[in-house]
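Source file: query21.tsv; contents: TSV, C-alpha atoms.
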```
chain	number	residue	atom	x	y	z
Y	1	MET	CA	72.26	115.56	-31.60
Y	2	LEU	CA	74.90	117.50	-33.53
Y	3	SER	CA	74.51	118.95	-37.01
Y	4	ILE	CA	77.66	119.19	-39.13
Y	5	ARG	CA	77.85	121.09	-42.43
Y	6	LEU	CA	80.26	119.70	-44.99
Y	7	ILE	CA	81.33	121.75	-48.01
Y	8	GLY	CA	83.64	120.51	-50.76
Y	9	THR	CA	83.76	118.65	-54.03
Y	10	PRO	CA	81.33	115.73	-54.27
Y	11	GLY	CA	84.22	113.29	-53.72
Y	12	GLU	CA	85.54	115.16	-50.68
Y	13	VAL	CA	82.07	115.29	-49.12
Y	14	ALA	CA	81.49	111.58	-49.76
Y	15	ASP	CA	84.83	110.71	-48.12
Y	16	ALA	CA	84.04	112.92	-45.13
Y	17	VAL	CA	80.63	111.30	-44.65
Y	18	LEU	CA	82.26	107.85	-44.67
Y	19	THR	CA	84.81	109.00	-42.10
Y	20	LEU	CA	82.07	110.41	-39.86
Y	21	ARG	CA	80.18	107.11	-40.09
Y	22	GLU	CA	83.27	105.27	-38.83
Y	23	THR	CA	83.45	107.49	-35.74
Y	24	PHE	CA	79.89	108.61	-34.95
Y	25	SER	CA	76.37	107.29	-35.12
Y	26	VAL	CA	75.03	109.19	-38.16
Y	27	THR	CA	71.28	109.70	-37.79
Y	28	ALA	CA	70.56	111.73	-40.96
Y	29	ILE	CA	72.15	113.15	-44.07
Y	30	LYS	CA	70.30	116.08	-45.60
Y	31	GLY	CA	70.70	117.71	-48.96
Y	32	LEU	CA	73.26	117.58	-51.68
Y	33	LEU	CA	73.04	121.24	-52.54
Y	34	PRO	CA	75.29	123.38	-54.71
Y	35	SER	CA	77.55	125.45	-52.47
Y	36	ALA	CA	77.88	128.46	-54.77
Y	37	PRO	CA	77.05	129.22	-58.38
Y	38	ALA	CA	79.74	128.29	-60.92
Y	39	GLN	CA	81.72	126.21	-58.42
Y	40	PRO	CA	81.96	122.42	-58.41
Y	41	ARG	CA	81.36	122.33	-54.66
Y	42	VAL	CA	78.40	120.86	-52.80
Y	43	ARG	CA	77.00	121.22	-49.31
Y	44	VAL	CA	75.63	118.43	-47.11
Y	45	TYR	CA	74.32	118.47	-43.55
Y	46	VAL	CA	75.07	115.43	-41.42
Y	47	GLU	CA	73.37	114.82	-38.08
Y	48	VAL	CA	75.15	112.64	-35.56
Y	49	ALA	CA	74.09	111.37	-32.16
Y	50	ALA	CA	76.02	113.04	-29.36
Y	51	THR	CA	77.60	110.65	-26.92
Y	52	GLY	CA	78.57	111.50	-23.48
```
Hey, can you dump this file as structure tokens for me?
Amino acid sequence: MLSIRLIGTPGEVADAVLTLRETFSVTAIKGLLPSAPAQPRVRVYVEVAATG
């Protein structure tokens, strides 16, 4: 399993999650946390199944 941290605006993070779902088997999405005070950025952790 791989854990990927995404940081960006809520829209950017949502688009990235959708893109990851098209390519990988997403097993979990954790948190929608503020990235830093006074910034409109969020942080999300996405877990994907490793293939190989």
(request) Skip Leu32 of chain Y itself and residues of its chain fewer than 5 positions away, then list as an MDAnalysis selection string all residues within 10 Å of it, counting all atoms listed in the file. (result) chainID Y and resid 6:7 10 13 41:45
(message) Which residue is closest to Arg5 of chain Y? Choose from Y:Ala28, Y:Val46, Y:Leu33, Y:Leu18 and count all atoms listed in the file.
(response) Y:Val46
(request) Find the distance between atom CA of Glu12 of chain Y and atom CA of Ser25 of chain Y and write it in Å to one decimal. (result) 19.7 Å
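Distances here use only C-alpha atoms; by that measure, the residue among Y:Ser3, Y:Val48, Y:Pro34, Y:Thr9 closest to Glu22 of chain Y is Y:Val48.
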(request) Identify which of the residues Y:Val26, Y:Ala16, Y:Thr51, Y:Gly8 lies closest to Gln39 of chain Y, counting all atoms listed in the file when measuring atom-to-atom distances. (result) Y:Gly8
(message) Counting only C-alpha atoms, which residues sit no farther than 7 Å from the position (74.0, 113.8, -32.9) in the file's frame? I'd like them as a PyMOL selection string.
(response) chain Y and resi 1-3+27+47-50
Next, write the just-selected residues to a file, as a PDB file, keeping the file's coordinate frame, keeping C-alpha atoms as the atom set.
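Saved file result_18.pdb follows:
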```pdb
ATOM      1  CA  MET Y   1      72.260 115.560 -31.600  1.00  0.00           C
ATOM      2  CA  LEU Y   2      74.900 117.500 -33.530  1.00  0.00           C
ATOM      3  CA  SER Y   3      74.510 118.950 -37.010  1.00  0.00           C
ATOM      4  CA  THR Y  27      71.280 109.700 -37.790  1.00  0.00           C
ATOM      5  CA  GLU Y  47      73.370 114.820 -38.080  1.00  0.00           C
ATOM      6  CA  VAL Y  48      75.150 112.640 -35.560  1.00  0.00           C
ATOM      7  CA  ALA Y  49      74.090 111.370 -32.160  1.00  0.00           C
ATOM      8  CA  ALA Y  50      76.020 113.040 -29.360  1.00  0.00           C
TER       9      ALA Y  50
END
```
Once 4 Å is added on each side, what centre and edge lengths in Å to one decimal does the axis-aligned box around all listed atoms of segment 9-17 of chain Y have, as JSON?
```
{"center_x": 83.1, "center_y": 114.7, "center_z": -49.5, "size_x": 12.9, "size_y": 15.9, "size_z": 17.6}
```
